[in-house]
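Visitor: Attaching a single structure in C-alpha cells format; questions to follow.
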Amino acid sequence: MLRLLALAALLLALPVVGVLASWLALDAQGIAALRHQWSTVLPGYIWTSLVLSVCVAIGVALLGGATAAAVTLFEFPGRRVFEWALLLPLAMPAYVLAYAYTDFLQFSGPLQDALRSLAGAQGALWPDVRSLWGAIGLFVLCLYPYVYLLTRTALAERGVALMEAARLLGAGMQRRVREVALPLARPAIVAGVALALMETLADYGVGSYFGLSTFTTGIYKAWLVMNDHDAAAQLSSLLLLVVAGVLWLEARGRRRLRFANPRAVGAQSPEARPTALTGRRVLAAWTLCGLPVLLGFVLPVGVLLRLLWVEAYSGEMALPLARFAHWGWTSFKLAGLAALLAAALALALAFALRLPGYAQRPLRWAGRVVSLGYAVPGAVIAVGILLPVGWLQQNYPGLGTTGLVTGTAFGLLYAYLVRFSAVALQSVEAGYARLPSSVDETARMLGTQKWRLFFGLHLPLLQRSVLAAVLLVFVDVMKELPATLVLRPFDSDTLAVVAYQLARDERLSEAALPSLAIVVVGLLPVVLLSRALRRDACPAGRVSWWQD
C-alpha cells in the first residue's frame, strides 16, 4: 500500500518535474530564445501580472476584511442574511463574470444605451471594461470571499470578546478596530490574499478574453500559437517560482492562525455581544455588505438571465439544446469521475498516514506533493503533462503515449487529479483531525483489522468530509478551463470550454446558458460553507484546508 501511494504521488508530481526539467535541455538556441523573450514579451508579462496581482491583493484585503469585520463584530438589521449572502460571489467563476459585465457595460450594452437615451449623449460614456483595470475589479468581486471566510473565522474566535474588553477599558471605536481587530485578523487576511493571488495567477479565461499579456496567456501563446514548447516551459517555470513564493506567504500567514482556546479568553461569555450599530452606521454597513453581493452575483446573474431570455424569446435559439445536453453530460461525467478518484486517493493516503508504522517520511512527502497540486496553475499542468509525453513519443515512438494522454479523457482526468487532489486530501484530513486517536487504539485492542477499522469505523464517521471532498472537487472540475482547453478530446467539450469559445466569438447570448449552468453548480459548495458557518464550526473542504 505504501509503495502504491508513493507511486501515485510521484505520478501527480510528474507535470511539475517535467516543467522544471526543461531547463536541463537548455542549449545555445534555447538561450537565444530566452534572450529574445526578455527583450520582447517577458517584461510585459511581468508588468501586467505584477500590477494585476498587487491591485487584486489590495482590493480583496480591503473588501474581504471589511465585510468580515462588519458581520462579525457589529450587530445591525440584516446581518444574518449578509453572513451567507457574502459567500455567493464564490459561485461565480471570473470568466463568467467577465462575459456578463462585457455585455452589460459595452458600448452597445443595455446600460449605455439607456443612459444615452436619457441624456441624449453620443459615443461611449466610459472606458471599455475589457482592460486591465476591468479585470482587477472583476477579480476583486469574485475572490474577496477567500479573505472574508478566513477573516470571519479568525474574528469569530476572539474578536467580539476582545473588542468588548477594549470598550470596557475606555478605548474608542477607531482605536478598537485599529489596535484589536486589525492585528487579530492580519494573519487570516494574509492567508486569504495569498489564496486569491494563486487564483489570479492561474486564470486564463479573463486574461485571454480581455486580451491581457499575463504569464498564463503567454504560456498558451508560446505553446499553441508560436509552437515553441521550450518557451512555454520556461514561462511555466517562472510562474511556478511566483506561485512558490505565494505559497510561502500563505503558509507563513496560516502558521499565525493558531490562537489560544476561545473559552480561555471569554469568547463564549454571554456578556460579549457584537456592537450594535444605529443611524447612518447601519446604512454604511448595508452599503458595504450589499454592494459586493449585488455586483459580484445578483447583477451578473441577472445579465445572464436576460441574455438567455432574449435568445429564447426571439425564437431563434442558436444553441441546440441537444448539444448543450451533451456538453453538460460530458462535464458531469468528467467531474464525477475526477471527484470520486480524488476522494478515493485522499482517503487511502489519509488513512495510511493515520496508521502506526505507516507515517514514514516517504508517505509524508507524498502527502505534501499531493497538497501542492492545487497551487499549480492549469496552464503549467498542461505543459508539464505534454512535455514528458512528447519526450517519450520522440524517443520511444512504439509506446503510443501521445494518443493515450493528449486528446483523451484519461489525460483530462490525470490533469484534474494533479490539480484538485489537494482539495479532497485536505477535506479528508480535516475530518480525521476530529476523530481522536483513542478510537483507533480501542478498536485495535479489540482485535480489529485495519481494513475493518477503515470500512467499519472511519468511513461512516467521515461521511461529511468525504461528501465535502467529492462536492468541492466536482465543482472545481466543472469550472476548470486552462488544462481542459489543451487536453480535451476533440469530439467533446465541457461547459466551461463552450462558454469560453462562444464568448470569444462575441456570441454572448449563446454563452449565457452554459455560464449559468456553471454558476448553479458552483452554488453547491456555497450552501455547504454557509451551513458550516452557521454551526459556528470550521467549514468543511476549502476552509478547513486553509487552516491548521
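Residues are named by chain letter and number: chains run A, B, ... in the order of the C-alpha cells, numbers start at 1 in each chain, and ligands are numbered from 1 in the order shown.
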Give one line per residue of region 296-336 of chain A that approaches region 496-516 of chain A to at most 10 Å, naming the two atoms of the closest pair and their distance in Å to one decimal, counting only C-alpha atoms; sort by chain then ascending residue number and deliver it as JSON lines.
Guide:
```
{"residue": "A:Pro300", "atom": "CA", "partner": "A:Leu516", "partner_atom": "CA", "distance": 9.8}
{"residue": "A:Val301", "atom": "CA", "partner": "A:Leu516", "partner_atom": "CA", "distance": 7.4}
{"residue": "A:Val303", "atom": "CA", "partner": "A:Ala512", "partner_atom": "CA", "distance": 8.6}
{"residue": "A:Leu304", "atom": "CA", "partner": "A:Ala512", "partner_atom": "CA", "distance": 5.1}
{"residue": "A:Leu305", "atom": "CA", "partner": "A:Ala512", "partner_atom": "CA", "distance": 7.3}
{"residue": "A:Arg306", "atom": "CA", "partner": "A:Ser509", "partner_atom": "CA", "distance": 8.7}
{"residue": "A:Leu307", "atom": "CA", "partner": "A:Ser509", "partner_atom": "CA", "distance": 4.9}
{"residue": "A:Leu308", "atom": "CA", "partner": "A:Ala512", "partner_atom": "CA", "distance": 5.8}
{"residue": "A:Trp309", "atom": "CA", "partner": "A:Ser509", "partner_atom": "CA", "distance": 8.9}
{"residue": "A:Val310", "atom": "CA", "partner": "A:Ser509", "partner_atom": "CA", "distance": 7.7}
{"residue": "A:Glu311", "atom": "CA", "partner": "A:Ser509", "partner_atom": "CA", "distance": 6.2}
{"residue": "A:Ala312", "atom": "CA", "partner": "A:Ser509", "partner_atom": "CA", "distance": 9.6}
{"residue": "A:Met317", "atom": "CA", "partner": "A:Glu510", "partner_atom": "CA", "distance": 7.9}
{"residue": "A:Ala318", "atom": "CA", "partner": "A:Glu510", "partner_atom": "CA", "distance": 6.8}
{"residue": "A:Leu319", "atom": "CA", "partner": "A:Glu510", "partner_atom": "CA", "distance": 5.9}
{"residue": "A:Pro320", "atom": "CA", "partner": "A:Glu510", "partner_atom": "CA", "distance": 9.6}
{"residue": "A:Leu321", "atom": "CA", "partner": "A:Leu513", "partner_atom": "CA", "distance": 9.7}
{"residue": "A:Phe324", "atom": "CA", "partner": "A:Pro514", "partner_atom": "CA", "distance": 7.6}
{"residue": "A:Ala325", "atom": "CA", "partner": "A:Pro514", "partner_atom": "CA", "distance": 10.0}
{"residue": "A:Trp327", "atom": "CA", "partner": "A:Val498", "partner_atom": "CA", "distance": 7.9}
{"residue": "A:Gly328", "atom": "CA", "partner": "A:Pro514", "partner_atom": "CA", "distance": 8.1}
{"residue": "A:Ser331", "atom": "CA", "partner": "A:Ala496", "partner_atom": "CA", "distance": 8.4}
```
Visitor: Export C-alpha atoms of the chosen residues as a JSON list (two decimals), in the first residue's frame?
Guide:
```
[["chain", "number", "residue", "atom", "x", "y", "z"],
["A", 300, "PRO", "CA", -24.20, 39.25, -13.41],
["A", 301, "VAL", "CA", -26.78, 36.51, -12.87],
["A", 303, "VAL", "CA", -27.49, 39.85, -17.06],
["A", 304, "LEU", "CA", -27.07, 36.19, -17.98],
["A", 305, "LEU", "CA", -30.77, 35.50, -17.40],
["A", 306, "ARG", "CA", -31.64, 38.48, -19.60],
["A", 307, "LEU", "CA", -29.38, 37.20, -22.38],
["A", 308, "LEU", "CA", -30.93, 33.77, -22.11],
["A", 309, "TRP", "CA", -34.47, 35.21, -22.16],
["A", 310, "VAL", "CA", -33.74, 37.35, -25.24],
["A", 311, "GLU", "CA", -32.27, 34.35, -27.00],
["A", 312, "ALA", "CA", -35.26, 32.14, -26.17],
["A", 317, "MET", "CA", -32.18, 29.76, -30.07],
["A", 318, "ALA", "CA", -28.88, 29.33, -31.85],
["A", 319, "LEU", "CA", -27.54, 26.96, -29.20],
["A", 320, "PRO", "CA", -29.03, 23.50, -29.81],
["A", 321, "LEU", "CA", -30.38, 22.07, -26.58],
["A", 324, "PHE", "CA", -25.99, 21.52, -24.68],
["A", 325, "ALA", "CA", -27.19, 18.33, -23.01],
["A", 327, "TRP", "CA", -21.79, 19.17, -23.19],
["A", 328, "GLY", "CA", -23.46, 19.06, -19.80],
["A", 331, "SER", "CA", -18.82, 17.93, -17.89]]
```
Visitor: Between region 273-389 of chain A and region 471-491 of chain A, at 10 Å or less, what are the per-residue closest atom pairs and their distances in Å? Count only C-alpha atoms, order by chain and rising residue number, and return it as JSON lines.
Guide:
```
{"residue": "A:Gly328", "atom": "CA", "partner": "A:Met478", "partner_atom": "CA", "distance": 9.4}
{"residue": "A:Thr330", "atom": "CA", "partner": "A:Met478", "partner_atom": "CA", "distance": 9.8}
{"residue": "A:Ser331", "atom": "CA", "partner": "A:Met478", "partner_atom": "CA", "distance": 6.1}
{"residue": "A:Phe332", "atom": "CA", "partner": "A:Met478", "partner_atom": "CA", "distance": 7.3}
{"residue": "A:Lys333", "atom": "CA", "partner": "A:Phe474", "partner_atom": "CA", "distance": 9.7}
{"residue": "A:Leu334", "atom": "CA", "partner": "A:Val477", "partner_atom": "CA", "distance": 7.7}
{"residue": "A:Ala335", "atom": "CA", "partner": "A:Phe474", "partner_atom": "CA", "distance": 4.8}
{"residue": "A:Gly336", "atom": "CA", "partner": "A:Phe474", "partner_atom": "CA", "distance": 5.9}
{"residue": "A:Leu337", "atom": "CA", "partner": "A:Phe474", "partner_atom": "CA", "distance": 8.5}
{"residue": "A:Ala338", "atom": "CA", "partner": "A:Phe474", "partner_atom": "CA", "distance": 7.1}
{"residue": "A:Ala339", "atom": "CA", "partner": "A:Val473", "partner_atom": "CA", "distance": 5.1}
{"residue": "A:Leu340", "atom": "CA", "partner": "A:Phe474", "partner_atom": "CA", "distance": 8.6}
{"residue": "A:Leu341", "atom": "CA", "partner": "A:Val473", "partner_atom": "CA", "distance": 9.9}
{"residue": "A:Ala342", "atom": "CA", "partner": "A:Val473", "partner_atom": "CA", "distance": 7.6}
{"residue": "A:Ala343", "atom": "CA", "partner": "A:Val473", "partner_atom": "CA", "distance": 8.4}
{"residue": "A:Pro377", "atom": "CA", "partner": "A:Pro482", "partner_atom": "CA", "distance": 8.3}
{"residue": "A:Gly378", "atom": "CA", "partner": "A:Ala483", "partner_atom": "CA", "distance": 4.9}
{"residue": "A:Ala379", "atom": "CA", "partner": "A:Pro482", "partner_atom": "CA", "distance": 5.5}
{"residue": "A:Val380", "atom": "CA", "partner": "A:Ala483", "partner_atom": "CA", "distance": 8.3}
{"residue": "A:Ile381", "atom": "CA", "partner": "A:Ala483", "partner_atom": "CA", "distance": 6.8}
{"residue": "A:Ala382", "atom": "CA", "partner": "A:Ala483", "partner_atom": "CA", "distance": 5.2}
{"residue": "A:Val383", "atom": "CA", "partner": "A:Ala483", "partner_atom": "CA", "distance": 8.6}
{"residue": "A:Ile385", "atom": "CA", "partner": "A:Leu487", "partner_atom": "CA", "distance": 9.2}
{"residue": "A:Leu386", "atom": "CA", "partner": "A:Leu487", "partner_atom": "CA", "distance": 8.8}
```
Visitor: Output all heavy atoms of each residue in that selection to a file, as a compact mmCIF listing (two decimals), in the first residue's frame.
Guide:
```txt
# COMPACT_ATOMS: atom_id res chain seq x y z
N GLY A 328 -23.21 19.19 -21.23
CA GLY A 328 -23.46 19.06 -19.80
C GLY A 328 -23.13 17.67 -19.28
O GLY A 328 -22.55 17.52 -18.20
N THR A 330 -21.00 15.55 -20.61
CA THR A 330 -19.54 15.40 -20.64
C THR A 330 -18.91 16.05 -19.41
O THR A 330 -18.04 15.45 -18.75
CB THR A 330 -18.96 16.02 -21.91
OG1 THR A 330 -19.52 15.38 -23.06
CG2 THR A 330 -17.45 15.88 -21.95
N SER A 331 -19.34 17.25 -19.08
CA SER A 331 -18.82 17.93 -17.89
C SER A 331 -19.14 17.15 -16.63
O SER A 331 -18.28 16.97 -15.75
CB SER A 331 -19.40 19.35 -17.80
OG SER A 331 -19.09 20.10 -18.94
N PHE A 332 -20.39 16.70 -16.53
CA PHE A 332 -20.81 15.96 -15.35
C PHE A 332 -20.04 14.65 -15.21
O PHE A 332 -19.59 14.28 -14.12
CB PHE A 332 -22.32 15.67 -15.44
CG PHE A 332 -22.87 14.97 -14.24
CD1 PHE A 332 -23.31 15.70 -13.14
CD2 PHE A 332 -22.96 13.59 -14.19
CE1 PHE A 332 -23.82 15.05 -12.02
CE2 PHE A 332 -23.47 12.94 -13.08
CZ PHE A 332 -23.91 13.67 -11.99
N LYS A 333 -19.82 13.98 -16.30
CA LYS A 333 -19.11 12.70 -16.28
C LYS A 333 -17.66 12.88 -15.85
O LYS A 333 -17.16 12.16 -14.97
CB LYS A 333 -19.20 12.05 -17.65
CG LYS A 333 -18.48 10.72 -17.79
CD LYS A 333 -18.74 10.12 -19.16
CE LYS A 333 -18.29 11.05 -20.27
NZ LYS A 333 -18.48 10.48 -21.62
N LEU A 334 -16.98 13.83 -16.47
CA LEU A 334 -15.58 14.07 -16.12
C LEU A 334 -15.44 14.55 -14.68
O LEU A 334 -14.56 14.10 -13.94
CB LEU A 334 -14.98 15.10 -17.07
CG LEU A 334 -14.74 14.65 -18.52
CD1 LEU A 334 -14.33 15.83 -19.38
CD2 LEU A 334 -13.67 13.57 -18.56
N ALA A 335 -16.33 15.47 -14.28
CA ALA A 335 -16.25 15.99 -12.91
C ALA A 335 -16.56 14.91 -11.89
O ALA A 335 -15.90 14.82 -10.84
CB ALA A 335 -17.21 17.17 -12.75
N GLY A 336 -17.55 14.06 -12.18
CA GLY A 336 -17.89 13.00 -11.24
C GLY A 336 -16.78 11.97 -11.09
O GLY A 336 -16.43 11.57 -9.97
N LEU A 337 -16.19 11.55 -12.22
CA LEU A 337 -15.09 10.59 -12.15
C LEU A 337 -13.88 11.18 -11.42
O LEU A 337 -13.27 10.51 -10.57
CB LEU A 337 -14.69 10.16 -13.56
CG LEU A 337 -15.64 9.21 -14.29
CD1 LEU A 337 -15.20 9.01 -15.73
CD2 LEU A 337 -15.70 7.87 -13.57
N ALA A 338 -13.53 12.41 -11.74
CA ALA A 338 -12.39 13.04 -11.08
C ALA A 338 -12.64 13.20 -9.58
O ALA A 338 -11.74 12.97 -8.77
CB ALA A 338 -12.11 14.40 -11.71
N ALA A 339 -13.87 13.57 -9.20
CA ALA A 339 -14.18 13.75 -7.78
C ALA A 339 -14.08 12.42 -7.03
O ALA A 339 -13.53 12.36 -5.92
CB ALA A 339 -15.58 14.35 -7.63
N LEU A 340 -14.60 11.34 -7.61
CA LEU A 340 -14.55 10.04 -6.95
C LEU A 340 -13.11 9.53 -6.83
O LEU A 340 -12.70 9.00 -5.78
CB LEU A 340 -15.41 9.03 -7.71
CG LEU A 340 -16.92 9.29 -7.68
CD1 LEU A 340 -17.65 8.28 -8.56
CD2 LEU A 340 -17.45 9.22 -6.25
N LEU A 341 -12.33 9.70 -7.90
CA LEU A 341 -10.93 9.25 -7.85
C LEU A 341 -10.13 10.07 -6.84
O LEU A 341 -9.31 9.53 -6.10
CB LEU A 341 -10.31 9.36 -9.24
CG LEU A 341 -10.82 8.36 -10.29
CD1 LEU A 341 -10.24 8.69 -11.66
CD2 LEU A 341 -10.46 6.93 -9.89
N ALA A 342 -10.34 11.37 -6.82
CA ALA A 342 -9.61 12.22 -5.87
C ALA A 342 -9.98 11.88 -4.44
O ALA A 342 -9.11 11.82 -3.55
CB ALA A 342 -9.89 13.69 -6.17
N ALA A 343 -11.27 11.64 -4.18
CA ALA A 343 -11.69 11.28 -2.83
C ALA A 343 -11.12 9.93 -2.41
O ALA A 343 -10.70 9.75 -1.26
CB ALA A 343 -13.21 11.27 -2.75
N PRO A 377 -0.93 26.26 -11.42
CA PRO A 377 -1.93 26.69 -12.40
C PRO A 377 -2.21 25.62 -13.45
O PRO A 377 -1.33 24.80 -13.78
CB PRO A 377 -1.29 27.93 -13.03
CG PRO A 377 -0.31 28.40 -12.01
CD PRO A 377 0.21 27.18 -11.34
N GLY A 378 -3.42 25.63 -14.00
CA GLY A 378 -3.78 24.65 -15.01
C GLY A 378 -2.92 24.71 -16.24
O GLY A 378 -2.63 23.69 -16.88
N ALA A 379 -2.47 25.92 -16.60
CA ALA A 379 -1.59 26.05 -17.77
C ALA A 379 -0.28 25.33 -17.56
O ALA A 379 0.25 24.67 -18.46
CB ALA A 379 -1.33 27.53 -18.06
N VAL A 380 0.28 25.43 -16.35
CA VAL A 380 1.54 24.75 -16.04
C VAL A 380 1.34 23.24 -16.06
O VAL A 380 2.20 22.49 -16.54
CB VAL A 380 2.07 25.23 -14.68
CG1 VAL A 380 3.32 24.46 -14.28
CG2 VAL A 380 2.37 26.72 -14.72
N ILE A 381 0.21 22.78 -15.54
CA ILE A 381 -0.07 21.34 -15.53
C ILE A 381 -0.15 20.81 -16.96
O ILE A 381 0.39 19.75 -17.28
CB ILE A 381 -1.36 21.05 -14.75
CG1 ILE A 381 -1.14 21.33 -13.26
CG2 ILE A 381 -1.82 19.62 -14.96
CD1 ILE A 381 -2.38 21.20 -12.43
N ALA A 382 -0.85 21.54 -17.82
CA ALA A 382 -0.98 21.09 -19.21
C ALA A 382 0.38 21.00 -19.89
O ALA A 382 0.70 20.00 -20.55
CB ALA A 382 -1.90 22.05 -19.99
N VAL A 383 1.21 22.03 -19.72
CA VAL A 383 2.55 21.99 -20.31
C VAL A 383 3.38 20.88 -19.68
O VAL A 383 4.12 20.15 -20.37
CB VAL A 383 3.24 23.36 -20.14
CG1 VAL A 383 4.70 23.29 -20.58
CG2 VAL A 383 2.51 24.43 -20.93
N ILE A 385 2.41 18.08 -18.47
CA ILE A 385 1.99 16.76 -18.95
C ILE A 385 2.48 16.52 -20.37
O ILE A 385 2.98 15.42 -20.70
CB ILE A 385 0.45 16.64 -18.87
CG1 ILE A 385 0.00 16.57 -17.40
CG2 ILE A 385 -0.04 15.40 -19.63
CD1 ILE A 385 -1.50 16.55 -17.24
N LEU A 386 2.37 17.52 -21.21
CA LEU A 386 2.71 17.33 -22.62
C LEU A 386 4.22 17.21 -22.86
O LEU A 386 4.64 16.53 -23.80
CB LEU A 386 2.15 18.48 -23.45
CG LEU A 386 0.61 18.55 -23.52
CD1 LEU A 386 0.17 19.78 -24.28
CD2 LEU A 386 0.06 17.30 -24.16
```
Visitor: List as a count of residues only the protein and nucleic acid residues near Ala61 (chain A), meaning an atom at most 8 Å away when only C-alpha atoms are counted, but skip any in the same chain fewer than 5 places from it.
Guide: 6
Visitor: Which of these, A:Tyr99, A:Trp84, A:Phe139, A:Trp133, has the shortest distance to Leu529 (chain A) once you count only C-alpha atoms?
Guide: A:Trp84
Visitor: Could you name the residues that touch Leu97 (chain A) at 9 Å or less, counting only C-alpha atoms, but leaving out those on the same chain fewer than 5 positions away, as a short mmCIF file (atom, residue, chain, number, x, y, z; two decimals) with all heavy atoms, in the first residue's frame?
Guide:
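result.cif written:
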```
data_model
loop_
_atom_site.label_atom_id
_atom_site.label_comp_id
_atom_site.auth_asym_id
_atom_site.auth_seq_id
_atom_site.Cartn_x
_atom_site.Cartn_y
_atom_site.Cartn_z
N MET A 92 -19.33 32.26 -8.61
CA MET A 92 -19.22 32.91 -9.92
C MET A 92 -17.78 32.84 -10.42
O MET A 92 -16.92 33.55 -9.91
CB MET A 92 -19.68 34.37 -9.81
CG MET A 92 -19.72 35.11 -11.11
SD MET A 92 -21.08 34.60 -12.19
CE MET A 92 -22.49 35.05 -11.18
N THR A 102 -19.11 42.35 -19.67
CA THR A 102 -18.83 42.83 -21.03
C THR A 102 -20.12 43.16 -21.76
O THR A 102 -20.23 44.22 -22.41
CB THR A 102 -18.02 41.79 -21.80
OG1 THR A 102 -16.76 41.59 -21.17
CG2 THR A 102 -17.79 42.23 -23.24
N LEU A 138 -13.08 42.78 -11.57
CA LEU A 138 -13.78 41.51 -11.61
C LEU A 138 -13.13 40.49 -10.67
O LEU A 138 -13.84 39.75 -9.97
CB LEU A 138 -13.78 40.97 -13.04
CG LEU A 138 -14.54 41.81 -14.08
CD1 LEU A 138 -14.48 41.13 -15.44
CD2 LEU A 138 -15.99 42.01 -13.67
N PHE A 139 -11.81 40.44 -10.64
CA PHE A 139 -11.14 39.51 -9.74
C PHE A 139 -11.43 39.85 -8.28
O PHE A 139 -11.63 38.94 -7.45
CB PHE A 139 -9.63 39.53 -9.99
CG PHE A 139 -9.20 38.67 -11.15
CD1 PHE A 139 -8.51 39.23 -12.20
CD2 PHE A 139 -9.50 37.32 -11.19
CE1 PHE A 139 -8.11 38.46 -13.28
CE2 PHE A 139 -9.11 36.54 -12.26
CZ PHE A 139 -8.41 37.10 -13.30
N LEU A 141 -14.13 41.23 -7.10
CA LEU A 141 -15.51 40.88 -6.80
C LEU A 141 -15.71 39.38 -6.60
O LEU A 141 -16.53 38.96 -5.78
CB LEU A 141 -16.43 41.38 -7.92
CG LEU A 141 -16.69 42.88 -7.97
CD1 LEU A 141 -17.52 43.24 -9.19
CD2 LEU A 141 -17.40 43.35 -6.70
N CYS A 142 -14.98 38.55 -7.35
CA CYS A 142 -15.22 37.11 -7.24
C CYS A 142 -14.24 36.41 -6.30
O CYS A 142 -14.48 35.25 -5.94
CB CYS A 142 -15.18 36.45 -8.62
SG CYS A 142 -13.56 36.44 -9.40
N VAL A 206 -10.22 35.10 -18.13
CA VAL A 206 -10.34 36.56 -18.14
C VAL A 206 -9.20 37.19 -18.92
O VAL A 206 -9.41 38.08 -19.74
CB VAL A 206 -10.36 37.10 -16.69
CG1 VAL A 206 -10.38 38.62 -16.69
CG2 VAL A 206 -11.58 36.57 -15.95
N GLY A 296 -21.19 41.33 -7.48
CA GLY A 296 -20.47 40.08 -7.70
C GLY A 296 -21.35 38.89 -8.00
O GLY A 296 -20.84 37.86 -8.46
N PHE A 297 -22.68 39.00 -7.75
CA PHE A 297 -23.54 37.85 -8.01
C PHE A 297 -24.89 38.25 -8.61
O PHE A 297 -25.25 37.75 -9.69
CB PHE A 297 -23.78 37.07 -6.71
CG PHE A 297 -24.57 35.81 -6.91
CD1 PHE A 297 -23.96 34.66 -7.38
CD2 PHE A 297 -25.94 35.77 -6.65
CE1 PHE A 297 -24.69 33.50 -7.57
CE2 PHE A 297 -26.67 34.63 -6.85
CZ PHE A 297 -26.04 33.48 -7.31
N PRO A 300 -24.61 40.12 -12.30
CA PRO A 300 -24.20 39.25 -13.41
C PRO A 300 -25.17 38.11 -13.68
O PRO A 300 -25.38 37.75 -14.85
CB PRO A 300 -22.82 38.72 -12.98
CG PRO A 300 -22.72 39.00 -11.53
CD PRO A 300 -23.56 40.19 -11.27
N VAL A 301 -25.78 37.54 -12.64
CA VAL A 301 -26.78 36.51 -12.87
C VAL A 301 -27.98 37.09 -13.60
O VAL A 301 -28.53 36.47 -14.53
CB VAL A 301 -27.22 35.86 -11.53
CG1 VAL A 301 -28.46 35.00 -11.73
CG2 VAL A 301 -26.09 35.00 -10.97
#
```
Visitor: Point out the residue among A:Leu412, A:Ala233, A:Leu195, A:Ala433 with the least atom-to-atom distance to Ser53 (chain A), counting only C-alpha atoms.
Guide: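 Once distances to Ser53 (chain A) are computed over only C-alpha atoms, the minimum belongs to A:Leu195.
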Visitor: Using only C-alpha atoms for the distances, tell me which of A:Val242, A:Leu4, A:Val225, A:Val81 is nearest to Leu50 (chain A).
Guide: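 So, comparing all the options, the nearest one is A:Val242.
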Visitor: Of the residues A:Leu495, A:Val418, A:Leu523, A:Ala100, which is the one nearest to Arg323 (chain A), using only C-alpha atoms?
Guide: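 For Arg323 (chain A), the nearest of the candidates is A:Leu495.
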Visitor: So, counting only C-alpha atoms, which residue among A:His326, A:Val293, A:Ser117, A:Leu201 is closest to Leu238 (chain A)?
Guide: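 Ranking A:His326, A:Val293, A:Ser117, A:Leu201 by distance to Leu238 (chain A), first place goes to A:Leu201.
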Visitor: Mind pulling up the distance from CA of Ala244 (chain A) to CA of Tyr146 (chain A)?
Guide: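 Separation between CA of Tyr146 (chain A) and CA of Ala244 (chain A): 18.7 Å.
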Visitor: One decimal, in Å: what's the spacing between CA of Ala9 (chain A) and CA of Val470 (chain A)?
Guide: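 Rounded to one decimal, the two atoms are 19.1 Å apart.
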Visitor: So how many Å separate CA of Val526 (chain A) and CA of Tyr148 (chain A), to one decimal?
Guide: 13.0 Å
